[in-house]
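Reproduced below: run25.txt, with compact mmCIF, C-alpha atoms.
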# COMPACT_ATOMS: atom_id res chain seq x y z
CA MET A 109 9.32 12.87 -22.67
CA PRO A 110 13.08 12.43 -22.21
CA ARG A 111 14.45 9.24 -23.74
CA GLU A 112 15.42 7.94 -20.31
CA ILE A 113 11.74 7.81 -19.28
CA TRP A 114 11.03 5.38 -22.12
CA VAL A 115 14.05 3.30 -21.11
CA LEU A 116 12.71 3.04 -17.56
CA VAL A 117 9.28 2.07 -18.92
CA VAL A 118 10.73 -0.78 -21.00
CA ALA A 119 12.81 -2.01 -18.07
CA ALA A 120 9.76 -1.95 -15.79
CA PHE A 121 7.87 -4.01 -18.36
CA VAL A 122 10.58 -6.67 -18.52
CA VAL A 123 10.92 -6.86 -14.72
CA ALA A 124 7.14 -7.10 -14.32
CA ILE A 125 6.85 -10.02 -16.71
CA GLY A 126 9.10 -11.98 -14.38
CA PHE A 127 7.25 -10.84 -11.26
CA GLY A 128 3.95 -11.81 -12.85
CA ILE A 129 5.30 -15.22 -13.85
CA VAL A 130 6.10 -16.17 -10.23
CA ALA A 131 2.98 -14.60 -8.65
CA PRO A 132 0.61 -17.54 -9.23
CA ALA A 133 3.34 -20.10 -8.48
CA LEU A 134 4.75 -18.72 -5.22
CA PRO A 135 1.89 -19.63 -2.80
CA ALA A 136 1.51 -23.07 -4.36
CA PHE A 137 5.29 -23.63 -4.27
CA ALA A 138 5.37 -22.67 -0.59
CA ARG A 139 2.61 -25.15 0.21
CA THR A 140 4.58 -28.01 -1.32
CA PHE A 141 6.72 -27.83 1.84
CA ASP A 142 3.67 -28.85 3.94
CA GLY A 143 2.74 -25.32 5.04
CA GLY A 144 -0.72 -23.86 5.54
CA VAL A 145 -2.27 -20.63 4.27
CA ALA A 146 -0.44 -18.57 6.89
CA ALA A 147 2.91 -20.15 5.99
CA ALA A 148 2.38 -19.42 2.30
CA SER A 149 1.44 -15.83 3.13
CA ALA A 150 4.59 -15.48 5.26
CA VAL A 151 6.77 -15.98 2.16
CA ILE A 152 5.15 -12.89 0.61
CA SER A 153 5.54 -10.94 3.83
CA LEU A 154 9.22 -11.78 4.34
CA PHE A 155 10.09 -10.50 0.87
CA ALA A 156 8.43 -7.20 1.80
CA ALA A 157 10.17 -7.26 5.21
CA PHE A 158 13.59 -7.33 3.56
CA ARG A 159 12.51 -4.50 1.26
CA LEU A 160 11.37 -2.52 4.28
CA ALA A 161 14.55 -3.10 6.29
CA PHE A 162 16.85 -2.11 3.42
CA ALA A 163 14.83 0.82 2.03
CA PRO A 164 16.53 3.53 4.17
CA PHE A 165 19.96 2.27 3.07
CA SER A 166 18.81 2.25 -0.57
CA GLY A 167 17.88 5.92 -0.32
CA ARG A 168 21.29 6.77 1.12
CA LEU A 169 23.06 4.66 -1.50
CA VAL A 170 21.29 6.58 -4.27
CA GLY A 171 22.49 9.83 -2.74
CA ARG A 172 26.07 8.62 -2.44
CA PHE A 173 26.66 6.52 -5.56
CA GLY A 174 23.98 7.67 -7.99
CA GLU A 175 20.86 6.01 -9.34
CA LEU A 176 22.41 3.89 -12.09
CA ARG A 177 24.91 2.03 -9.90
CA VAL A 178 22.27 1.22 -7.30
CA TYR A 179 19.85 0.23 -10.07
CA THR A 180 22.34 -2.22 -11.60
CA VAL A 181 23.40 -3.88 -8.36
CA GLY A 182 19.77 -4.22 -7.32
CA LEU A 183 18.89 -6.14 -10.46
CA VAL A 184 21.87 -8.46 -10.02
CA ILE A 185 20.93 -9.27 -6.42
CA ALA A 186 17.29 -9.86 -7.35
CA ALA A 187 18.24 -12.20 -10.21
CA ALA A 188 20.58 -14.23 -8.01
CA SER A 189 17.91 -14.53 -5.32
CA VAL A 190 15.23 -15.74 -7.71
CA GLY A 191 17.58 -18.30 -9.21
CA ALA A 192 18.38 -19.60 -5.72
CA THR A 193 14.66 -19.73 -4.89
CA ALA A 194 14.12 -22.11 -7.80
CA ALA A 195 16.64 -24.48 -6.19
CA ALA A 196 15.15 -24.31 -2.65
CA GLN A 197 14.88 -27.73 -1.00
CA SER A 198 13.02 -26.71 2.17
CA TYR A 199 10.55 -24.12 3.39
CA TRP A 200 13.26 -22.29 5.34
CA GLN A 201 15.51 -22.08 2.29
CA LEU A 202 12.56 -20.66 0.35
CA LEU A 203 12.04 -18.02 3.04
CA VAL A 204 15.69 -16.95 3.08
CA PHE A 205 16.25 -16.93 -0.68
CA ARG A 206 13.02 -15.11 -1.42
CA GLY A 207 13.62 -12.65 1.40
CA VAL A 208 17.10 -11.68 0.19
CA GLY A 209 15.52 -10.77 -3.14
CA GLY A 210 13.76 -7.96 -1.33
CA ILE A 211 17.11 -6.18 -0.96
CA GLY A 212 17.67 -6.13 -4.70
CA SER A 213 14.04 -5.20 -5.29
CA THR A 214 14.16 -2.13 -3.07
CA MET A 215 17.45 -0.97 -4.62
CA PHE A 216 15.93 -1.23 -8.09
CA THR A 217 12.66 0.48 -7.12
CA VAL A 218 14.13 3.45 -5.22
CA SER A 219 16.72 4.18 -7.90
CA ALA A 220 14.26 3.81 -10.80
CA ILE A 221 11.64 6.09 -9.22
CA SER A 222 14.36 8.59 -8.28
CA LEU A 223 15.39 8.77 -11.93
CA LEU A 224 11.77 9.10 -12.98
CA VAL A 225 11.13 11.97 -10.57
CA ARG A 226 14.26 13.88 -11.54
CA LEU A 227 13.97 13.44 -15.31
CA ALA A 228 10.23 13.99 -15.85
CA PRO A 229 9.11 17.60 -16.56
CA PRO A 230 7.09 18.97 -13.59
CA GLU A 231 3.99 19.50 -15.73
CA ALA A 232 4.13 15.88 -16.97
CA ARG A 233 4.84 13.99 -13.74
CA GLY A 234 1.47 12.30 -13.76
CA ARG A 235 1.92 11.05 -17.33
CA ALA A 236 5.48 9.89 -16.67
CA SER A 237 4.33 8.01 -13.56
CA GLY A 238 1.47 6.53 -15.55
CA MET A 239 3.82 5.38 -18.32
CA TRP A 240 6.19 3.72 -15.86
CA ALA A 241 3.33 2.01 -14.03
CA THR A 242 1.77 0.96 -17.34
CA GLY A 243 5.00 -0.73 -18.40
CA PHE A 244 5.02 -2.57 -15.10
CA LEU A 245 1.35 -3.55 -15.35
CA LEU A 246 1.54 -4.69 -18.97
CA GLY A 247 4.24 -7.03 -17.83
CA ASN A 248 1.96 -8.19 -15.04
CA ILE A 249 -0.73 -8.99 -17.62
CA ALA A 250 1.57 -11.19 -19.69
CA GLY A 251 3.44 -12.60 -16.70
CA PRO A 252 0.66 -14.48 -14.84
CA LEU A 253 -0.62 -15.97 -18.09
CA ALA A 254 2.84 -17.29 -18.89
CA GLY A 255 3.35 -18.32 -15.28
CA GLY A 256 0.11 -20.28 -15.24
CA GLY A 257 1.34 -22.26 -18.24
CA LEU A 258 4.78 -22.79 -16.74
CA ILE A 259 3.24 -24.19 -13.54
CA ALA A 260 1.96 -27.10 -15.61
CA VAL A 261 5.60 -27.88 -16.45
CA SER A 262 7.11 -27.31 -13.01
CA LEU A 263 6.56 -25.09 -10.00
CA ARG A 264 10.25 -24.15 -10.19
CA ALA A 265 10.25 -23.12 -13.86
CA PRO A 266 8.61 -19.68 -13.26
CA PHE A 267 11.46 -18.65 -10.94
CA LEU A 268 14.10 -19.50 -13.52
CA CYS A 269 12.23 -17.42 -16.10
CA TYR A 270 11.99 -14.52 -13.64
CA ALA A 271 15.77 -14.58 -13.09
CA ALA A 272 16.28 -14.44 -16.87
CA ALA A 273 13.85 -11.51 -17.16
CA LEU A 274 15.77 -9.51 -14.54
CA LEU A 275 19.05 -10.05 -16.37
CA CYS A 276 17.39 -8.98 -19.63
CA ALA A 277 16.13 -5.80 -17.98
CA MET A 278 19.65 -4.97 -16.86
CA ALA A 279 21.09 -5.66 -20.32
CA VAL A 280 18.51 -3.41 -21.99
CA SER A 281 18.43 -0.46 -19.63
CA VAL A 282 21.90 0.04 -18.15
CA PRO A 283 23.72 0.85 -21.45
CA LEU A 284 20.99 3.32 -22.45
CA LEU A 285 20.94 5.02 -19.04
CA ARG A 286 24.71 5.30 -18.79
CA GLY A 287 25.74 8.90 -18.26
CA ARG A 288 22.53 9.82 -16.39
CA LEU A 289 23.75 9.18 -12.87
CA GLY A 290 21.30 11.56 -11.25
CA GLY A 291 22.28 15.08 -12.25
CA PRO A 292 19.67 17.86 -12.10
CA ALA A 293 17.05 17.32 -14.77
CA ASN A 294 17.22 20.86 -16.14
CA GLY A 295 20.96 21.36 -15.88
CA ASP A 296 20.79 23.77 -12.93
CA GLU A 297 22.57 23.30 -9.67
CA ALA A 298 20.75 20.81 -7.49
CA GLU A 299 18.84 21.95 -4.42
CA PRO A 300 19.65 20.48 -1.00
CA ALA A 301 18.39 16.93 -0.58
CA ALA A 302 14.75 16.58 0.44
CA THR A 303 14.62 14.66 3.71
CA PHE A 304 11.91 12.51 5.24
CA PRO A 305 11.48 14.67 8.41
CA THR A 306 10.85 17.70 6.20
CA ALA A 307 8.51 15.95 3.78
CA ILE A 308 6.45 14.33 6.52
CA ARG A 309 5.29 17.80 7.57
CA HIS A 310 3.46 18.10 4.25
CA PRO A 311 -0.12 16.74 4.61
CA THR A 312 -0.19 15.47 1.02
CA TYR A 313 2.94 13.41 1.62
CA ARG A 314 1.33 11.98 4.76
CA ALA A 315 -1.75 11.08 2.72
CA ALA A 316 0.49 9.45 0.10
CA LEU A 317 2.15 7.36 2.81
CA VAL A 318 -1.19 6.04 4.03
CA ALA A 319 -2.38 5.34 0.48
CA SER A 320 0.93 3.63 -0.26
CA PHE A 321 0.40 1.45 2.81
CA ALA A 322 -3.08 0.54 1.55
CA ASN A 323 -1.68 -0.17 -1.91
CA GLY A 324 1.00 -2.47 -0.50
CA TRP A 325 -1.56 -4.28 1.66
CA THR A 326 -3.98 -4.78 -1.25
CA VAL A 327 -1.89 -5.12 -4.42
CA PHE A 328 1.47 -6.52 -3.32
CA GLY A 329 0.25 -8.43 -0.30
CA VAL A 330 -3.32 -9.73 -0.23
CA ARG A 331 -3.70 -9.99 -4.02
CA VAL A 332 -0.59 -12.14 -4.40
CA ALA A 333 -1.07 -14.15 -1.21
CA LEU A 334 -4.82 -14.76 -1.03
CA VAL A 335 -6.26 -14.49 -4.54
CA PRO A 336 -4.55 -17.69 -5.81
CA LEU A 337 -5.62 -19.54 -2.65
CA PHE A 338 -9.20 -18.23 -2.86
CA VAL A 339 -9.44 -19.30 -6.50
CA VAL A 340 -8.25 -22.83 -5.71
CA GLU A 341 -9.86 -23.46 -2.33
CA ALA A 342 -13.12 -21.47 -2.51
CA LEU A 343 -13.91 -21.32 -6.22
CA ARG A 344 -12.47 -24.80 -6.90
CA GLN A 345 -10.45 -23.69 -9.92
CA SER A 346 -6.91 -24.66 -10.92
CA GLU A 347 -3.64 -22.82 -10.24
CA THR A 348 -3.52 -21.97 -13.94
CA TRP A 349 -6.88 -20.21 -13.62
CA ALA A 350 -5.45 -18.30 -10.62
CA GLY A 351 -2.85 -16.81 -12.96
CA PHE A 352 -5.65 -15.70 -15.26
CA ALA A 353 -7.43 -13.99 -12.33
CA LEU A 354 -4.28 -12.03 -11.46
CA ALA A 355 -3.91 -11.00 -15.10
CA VAL A 356 -7.46 -9.60 -15.14
CA PHE A 357 -6.63 -7.39 -12.16
CA ALA A 358 -3.48 -6.20 -13.93
CA ALA A 359 -5.50 -5.50 -17.08
CA GLY A 360 -7.83 -3.24 -15.12
CA ASN A 361 -4.77 -1.35 -13.94
CA ALA A 362 -3.26 -1.08 -17.40
CA VAL A 363 -6.31 0.41 -19.10
CA THR A 364 -6.57 3.10 -16.41
CA LEU A 365 -3.01 4.21 -15.66
CA LEU A 366 -2.34 6.50 -18.63
CA MET A 367 -5.76 8.12 -18.34
CA SER A 368 -5.20 8.65 -14.63
CA GLY A 369 -1.78 10.24 -15.29
CA ARG A 370 -3.20 12.67 -17.85
CA LEU A 371 -6.07 13.55 -15.54
CA ALA A 372 -3.63 14.18 -12.69
CA ASP A 373 -1.62 16.61 -14.88
CA ARG A 374 -4.73 18.47 -16.08
CA ARG A 375 -7.18 18.45 -13.18
CA GLY A 376 -5.03 17.77 -10.15
CA ARG A 377 -3.66 14.87 -8.14
CA LYS A 378 -6.58 14.53 -5.72
CA PRO A 379 -9.62 13.76 -7.95
CA PRO A 380 -8.32 10.48 -9.44
CA VAL A 381 -6.87 9.38 -6.09
CA LEU A 382 -10.18 9.89 -4.29
CA ALA A 383 -12.16 8.11 -7.00
CA GLY A 384 -9.69 5.25 -7.13
CA LEU A 385 -9.72 4.66 -3.38
CA VAL A 386 -13.53 4.45 -3.36
CA VAL A 387 -13.59 2.00 -6.27
CA SER A 388 -10.79 -0.11 -4.81
CA ALA A 389 -12.38 -0.29 -1.35
CA VAL A 390 -15.76 -1.45 -2.67
CA ALA A 391 -14.50 -3.95 -5.26
CA THR A 392 -11.82 -5.49 -3.01
CA GLY A 393 -14.19 -5.77 -0.08
CA LEU A 394 -16.61 -7.80 -2.18
CA LEU A 395 -14.05 -10.23 -3.64
CA GLY A 396 -14.34 -12.67 -0.77
CA VAL A 397 -18.12 -13.12 -1.22
CA ALA A 398 -18.09 -13.56 -5.01
CA PRO A 399 -20.62 -16.33 -5.74
CA SER A 400 -19.01 -17.50 -8.98
CA SER A 401 -15.84 -17.36 -11.02
CA GLY A 402 -17.36 -14.85 -13.44
CA VAL A 403 -18.32 -12.42 -10.68
CA PHE A 404 -14.88 -12.80 -9.13
CA LEU A 405 -13.24 -11.87 -12.43
CA ALA A 406 -15.50 -8.83 -12.84
CA LEU A 407 -14.70 -7.61 -9.33
CA SER A 408 -10.99 -8.21 -9.94
CA LEU A 409 -11.19 -6.05 -13.06
CA VAL A 410 -12.95 -3.22 -11.19
CA ALA A 411 -10.46 -3.45 -8.31
CA GLY A 412 -7.65 -3.13 -10.84
CA VAL A 413 -9.27 -0.01 -12.28
CA GLY A 414 -9.41 1.50 -8.79
CA SER A 415 -5.74 0.80 -8.16
CA GLY A 416 -4.85 2.27 -11.55
CA LEU A 417 -6.62 5.51 -10.71
CA VAL A 418 -4.59 5.91 -7.51
CA ASN A 419 -0.99 5.13 -8.43
CA PRO A 420 0.16 7.75 -11.02
CA PRO A 421 -1.29 10.81 -9.23
CA MET A 422 -0.05 9.56 -5.88
CA THR A 423 3.50 9.18 -7.20
CA ALA A 424 3.24 12.55 -8.95
CA ALA A 425 2.18 14.19 -5.69
CA VAL A 426 5.26 12.79 -3.94
CA ALA A 427 7.39 14.13 -6.80
CA ASP A 428 5.74 17.55 -6.36
CA VAL A 429 6.75 17.56 -2.71
CA ILE A 430 10.35 16.63 -3.55
CA GLY A 431 10.69 19.06 -6.48
CA SER A 432 12.54 18.69 -9.77
CA ARG A 433 16.13 19.42 -8.82
CA ALA A 434 16.62 17.87 -5.40
CA ARG A 435 17.67 14.36 -4.52
CA GLY A 436 14.79 12.72 -2.68
CA GLY A 437 16.16 9.26 -1.96
CA THR A 438 15.08 9.16 1.68
CA VAL A 439 11.65 10.63 0.85
CA LEU A 440 11.10 8.03 -1.86
CA ALA A 441 12.40 5.32 0.44
CA GLY A 442 9.83 6.33 3.06
CA PHE A 443 7.12 6.25 0.42
CA GLN A 444 8.19 2.75 -0.62
CA MET A 445 8.52 1.61 2.99
CA ALA A 446 4.87 2.47 3.61
CA ALA A 447 3.89 0.07 0.81
CA ASP A 448 6.23 -2.57 2.19
CA VAL A 449 4.71 -2.30 5.66
CA GLY A 450 1.33 -2.88 4.05
CA ALA A 451 2.70 -5.83 2.08
CA ILE A 452 4.04 -7.32 5.32
CA VAL A 453 1.02 -6.72 7.54
CA GLY A 454 -1.60 -7.37 4.86
CA PRO A 455 -0.89 -11.04 4.06
CA LEU A 456 -0.28 -11.89 7.73
CA ALA A 457 -3.41 -10.16 9.01
CA ALA A 458 -5.66 -11.13 6.13
CA GLY A 459 -4.23 -14.67 6.04
CA ALA A 460 -4.92 -15.12 9.75
CA VAL A 461 -8.46 -13.74 9.34
CA ALA A 462 -9.07 -16.00 6.33
CA GLN A 463 -7.92 -19.03 8.28
CA ALA A 464 -10.02 -18.15 11.34
CA ALA A 465 -13.17 -16.63 9.84
CA GLY A 466 -13.07 -17.14 6.08
CA PHE A 467 -12.00 -15.32 2.94
CA GLY A 468 -14.98 -12.95 3.03
CA PHE A 469 -13.82 -11.25 6.23
CA ALA A 470 -10.22 -11.12 5.00
CA PHE A 471 -11.11 -9.21 1.82
CA ALA A 472 -13.56 -6.97 3.73
CA LEU A 473 -10.73 -5.97 6.09
CA THR A 474 -8.62 -5.08 3.05
CA GLY A 475 -11.38 -2.79 1.76
CA VAL A 476 -11.48 -0.97 5.10
CA ILE A 477 -7.77 -0.11 4.75
CA SER A 478 -8.51 1.78 1.51
CA VAL A 479 -11.28 3.69 3.30
CA LEU A 480 -8.70 4.78 5.89
CA ALA A 481 -6.46 6.17 3.13
CA LEU A 482 -9.46 7.97 1.63
CA GLY A 483 -9.94 9.91 4.86
CA PHE A 484 -6.38 11.27 4.72
CA TRP A 485 -6.69 12.33 1.07
CA LEU A 486 -9.93 14.23 1.72
CA TRP A 487 -7.92 16.71 3.82
CA ALA A 488 -4.75 16.81 1.72
CA PRO A 489 -4.01 19.99 -0.31
CA GLU A 490 -3.53 19.88 -4.07
CA THR A 491 0.10 19.90 -5.28
CA LEU A 492 -0.33 20.14 -9.07
CA PRO A 493 2.28 22.64 -10.41
CA ARG A 494 1.03 25.94 -11.80
CA PRO A 495 0.59 26.29 -15.57
CA HIS A 496 3.94 28.08 -15.98
CA GLY A 497 5.68 24.87 -14.88
CA HIS A 498 6.92 25.78 -11.40
CA ASP A 499 5.96 23.84 -8.30
CA ASP A 500 3.01 25.24 -6.39
CA ALA A 501 3.22 27.16 -3.16
CA THR A 502 3.06 24.15 -0.89
CA THR A 503 5.92 22.47 -2.71
CA GLU A 504 8.00 25.64 -2.69
CA THR A 505 7.49 25.84 1.07
CA VAL A 506 8.87 22.33 1.50
CA ALA A 507 11.80 23.14 -0.78
CA GLY A 508 12.55 26.23 1.27
CA GLU A 509 12.76 24.15 4.44
CA ARG A 510 15.31 21.69 3.03
CA ALA A 511 18.30 23.74 4.09
CA VAL A 512 17.12 23.35 7.68
CA GLY A 513 16.28 19.65 7.42
CA ALA A 514 19.06 18.54 5.05
CA GLU A 515 21.27 15.78 6.24
Could I get this structure in the form of structure tokens?
Amino acid sequence: MPREIWVLVVAAFVVAIGFGIVAPALPAFARTFDGGVAAASAVISLFAAFRLAFAPFSGRLVGRFGELRVYTVGLVIAAASVGATAAAQSYWQLLVFRGVGGIGSTMFTVSAISLLVRLAPPEARGRASGMWATGFLLGNIAGPLAGGGLIAVSLRAPFLCYAAALLCAMAVSVPLLRGRLGGPANGDEAEPAATFPTAIRHPTYRAALVASFANGWTVFGVRVALVPLFVVEALRQSETWAGFALAVFAAGNAVTLLMSGRLADRRGRKPPVLAGLVVSAVATGLLGVAPSSGVFLALSLVAGVGSGLVNPPMTAAVADVIGSRARGGTVLAGFQMAADVGAIVGPLAAGAVAQAAGFGFAFALTGVISVLALGFWLWAPETLPRPHGHDDATTETVAGERAVGAE
């Protein structure tokens, strides 16, 4: 693996520690301003809404200024937003400060994944995606545990720690990535930019969009918004225990990601995605009817395994569609936007269902979304590159159409 891949992995780990620290605190912090379940869920959704609104601009910024500049500015904006969130004095300030952080988050994510796609060898895209996701998930394991402890000190303390983690990530990664502003990975002249209208014609990219939507709904939306509330209000456990429950989910992810990436590079992108969607749908759908804390933890672990099976091969499939030498900022932005739409709709829809009919129906609805993604992947063609290292025929077809669809 190129050195830059390892740098991105370490940076993802540091960023994720901070994200995990605030995850158990955010819903409880929102409810201190006299809001209900829906109001607490809206804080999660607004963050994703800002990510969604700015994602197309992030893709264009990457194409114009290069990955590293966008990456650096994104981390600065995110750190400033989290620091301001810690000082929020009203619910509306919390909404605005947390929402603005979505701008920095999307700049960081699009630029980091763009670097990952361009620098990873085609035959190792699954492993590179798995490494990057593992760094992020290992941080999510440590983060909620630390966040649960910090909650006992103050509900504002986790946000200050998150801001510090973002600044640390910038200090570690930017100097080591300097000089890799997005040139072709193999030194050849870059192909025309891959565009969203061209990529959307590929059925595997369409399947990845739907699965990304389901992932955003489940992992970045419902898990963060409803799991802490379910633990406190239905299972009668503390907020600290809610952090432990989120860490168990992240642990299930972490133990699966590298295996899933290797499997995707050896056997294809589809098999682990299909298996993961089935596991995720069943385990997530049953979370809301868990009769005890122990069963809830076991289901959380299994749901994490399902999510871990999906993510690396799904990202690798998108990279296959883009190709090694082309800038794919708008394609990656579309892929991220699908997750953000899920993270917006998921907490609002599931939160409303939970408030009206109970947590069981809310988690069952979330499982149905994964079943929808499964249907798209059943009909998607395989994109794993051929053994000699070149992209397969479907990817070459997309690459050949770029000259027509290039912006």
Q. What is the distance, in Å and to one decimal place, between CA of Gly416 in chain A and CA of Trp487 in chain A?
A. 21.3 Å
Q. Which residue, A:Leu246, A:Ala372, A:Val123, A:Ala147, has the smallest gap to Tyr199 in chain A when you use only C-alpha atoms?
A.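 Smallest distance to Tyr199 in chain A is found for A:Ala147.
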(Q) Taking (-3.9, -27.7, -13.9) in the coordinates of the supplied file, I want to know which residues reach to within 12 Å of it, counting only C-alpha atoms; could you give the answer as a list in words? (A) Ala133, Ala136, Gly255, Gly256, Gly257, Leu258, Ile259, Ala260, Val261, Ser262, Leu263, Val340, Arg344, Gln345, Ser346, Glu347, Thr348, Trp349, Ala350 and Gly351 of chain A
Residues within 6 Å of (-9.8, -12.7, -4.3), counting all atoms listed in the file, listed as a PDB file with C-alpha atoms, keeping the file's coordinate frame:
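point20.pdb written:
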ATOM      1  CA  VAL A 335      -6.260 -14.490  -4.540  1.00  0.00           C
ATOM      2  CA  PHE A 338      -9.200 -18.230  -2.860  1.00  0.00           C
ATOM      3  CA  LEU A 395     -14.050 -10.230  -3.640  1.00  0.00           C
ATOM      4  CA  GLY A 396     -14.340 -12.670  -0.770  1.00  0.00           C
TER       5      GLY A 396
END
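Distances to Trp240 in chain A were evaluated for A:Ala124, A:Val190, A:Ala148, A:Ala138 using all atoms listed in the file, and the minimum falls at A:Ala124.
Ranking A:Ala322, A:Ala187, A:Ala271, A:Ala464 by their shortest atom-to-atom distance to Ala146 in chain A, with only C-alpha atoms included, puts A:Ala464 first.
Using all atoms listed in the file, the smallest distance between any of A:Pro379, A:Pro110, A:Gly251, A:Gly468 and Arg233 in chain A comes from A:Pro110.
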Per residue of range 219-288 of chain A within 9 Å of range 359-362 of chain A, what are the shortest atom pair and its distance in Å to one decimal, counting only C-alpha atoms, with rows by chain and residue number, as CSV?
residue,atom,partner,partner_atom,distance
A:Ala241,CA,A:Ala362,CA,8.0
A:Thr242,CA,A:Ala362,CA,5.4
A:Gly243,CA,A:Ala362,CA,8.3
A:Phe244,CA,A:Ala362,CA,8.7
A:Leu245,CA,A:Ala362,CA,5.6
A:Leu246,CA,A:Ala362,CA,6.2
A:Asn248,CA,A:Ala359,CA,8.2
A:Ile249,CA,A:Ala359,CA,5.9
Per-axis box centre and lengths in Å around range 219-230 of chain A, 6 Å margin per side, axis-aligned, as lines of an AutoDock Vina configuration file:
center_x = 11.9
center_y = 11.4
center_z = -12.2
size_x = 21.6
size_y = 27.2
size_z = 20.7
Q: Show which residues sit within 10 Å of Ile185 in chain A, as a ChimeraX atom specification. Count only C-alpha atoms, and ignore same-chain residues fewer than 4 positions away.
A: /A:180-181,189-190,208-213,215-216,271,274
Q. Closest to Leu317 in chain A among A:Phe443, A:Phe165, A:Phe158, A:Phe404, using all atoms listed in the file?
A.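 Closest to Leu317 in chain A, using all atoms listed in the file: A:Phe443.
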Limit the output to all heavy atoms and give range 181-186 of chain A as a PDB file, in the first residue's frame.
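Wrote result_29.pdb, looks like this:
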ATOM      1  N   VAL A 181      -9.079  22.561   4.875  1.00  0.00           N
ATOM      2  CA  VAL A 181     -10.111  23.540   5.211  1.00  0.00           C
ATOM      3  C   VAL A 181     -11.317  22.848   5.852  1.00  0.00           C
ATOM      4  O   VAL A 181     -11.924  23.372   6.797  1.00  0.00           O
ATOM      5  CB  VAL A 181     -10.532  24.324   3.955  1.00  0.00           C
ATOM      6  CG1 VAL A 181     -11.708  25.247   4.261  1.00  0.00           C
ATOM      7  CG2 VAL A 181      -9.352  25.141   3.428  1.00  0.00           C
ATOM      8  N   GLY A 182     -11.652  21.664   5.367  1.00  0.00           N
ATOM      9  CA  GLY A 182     -12.772  20.930   5.947  1.00  0.00           C
ATOM     10  C   GLY A 182     -12.560  20.612   7.411  1.00  0.00           C
ATOM     11  O   GLY A 182     -13.475  20.756   8.244  1.00  0.00           O
ATOM     12  N   LEU A 183     -11.349  20.180   7.765  1.00  0.00           N
ATOM     13  CA  LEU A 183     -11.063  19.880   9.166  1.00  0.00           C
ATOM     14  C   LEU A 183     -11.115  21.130  10.042  1.00  0.00           C
ATOM     15  O   LEU A 183     -11.585  21.084  11.187  1.00  0.00           O
ATOM     16  CB  LEU A 183      -9.692  19.213   9.288  1.00  0.00           C
ATOM     17  CG  LEU A 183      -9.605  17.756   8.791  1.00  0.00           C
ATOM     18  CD1 LEU A 183      -8.169  17.264   8.849  1.00  0.00           C
ATOM     19  CD2 LEU A 183     -10.510  16.860   9.623  1.00  0.00           C
ATOM     20  N   VAL A 184     -10.652  22.250   9.511  1.00  0.00           N
ATOM     21  CA  VAL A 184     -10.688  23.502  10.281  1.00  0.00           C
ATOM     22  C   VAL A 184     -12.134  23.919  10.549  1.00  0.00           C
ATOM     23  O   VAL A 184     -12.500  24.287  11.680  1.00  0.00           O
ATOM     24  CB  VAL A 184      -9.931  24.610   9.542  1.00  0.00           C
ATOM     25  CG1 VAL A 184     -10.159  25.960  10.217  1.00  0.00           C
ATOM     26  CG2 VAL A 184      -8.435  24.301   9.499  1.00  0.00           C
ATOM     27  N   ILE A 185     -12.971  23.862   9.530  1.00  0.00           N
ATOM     28  CA  ILE A 185     -14.377  24.241   9.706  1.00  0.00           C
ATOM     29  C   ILE A 185     -15.063  23.316  10.701  1.00  0.00           C
ATOM     30  O   ILE A 185     -15.820  23.767  11.584  1.00  0.00           O
ATOM     31  CB  ILE A 185     -15.112  24.213   8.352  1.00  0.00           C
ATOM     32  CG1 ILE A 185     -14.579  25.319   7.435  1.00  0.00           C
ATOM     33  CG2 ILE A 185     -16.619  24.376   8.548  1.00  0.00           C
ATOM     34  CD1 ILE A 185     -15.149  25.281   6.032  1.00  0.00           C
ATOM     35  N   ALA A 186     -14.819  22.020  10.585  1.00  0.00           N
ATOM     36  CA  ALA A 186     -15.450  21.068  11.491  1.00  0.00           C
ATOM     37  C   ALA A 186     -15.023  21.310  12.939  1.00  0.00           C
ATOM     38  O   ALA A 186     -15.846  21.270  13.862  1.00  0.00           O
ATOM     39  CB  ALA A 186     -15.104  19.643  11.077  1.00  0.00           C
TER      40      ALA A 186
END
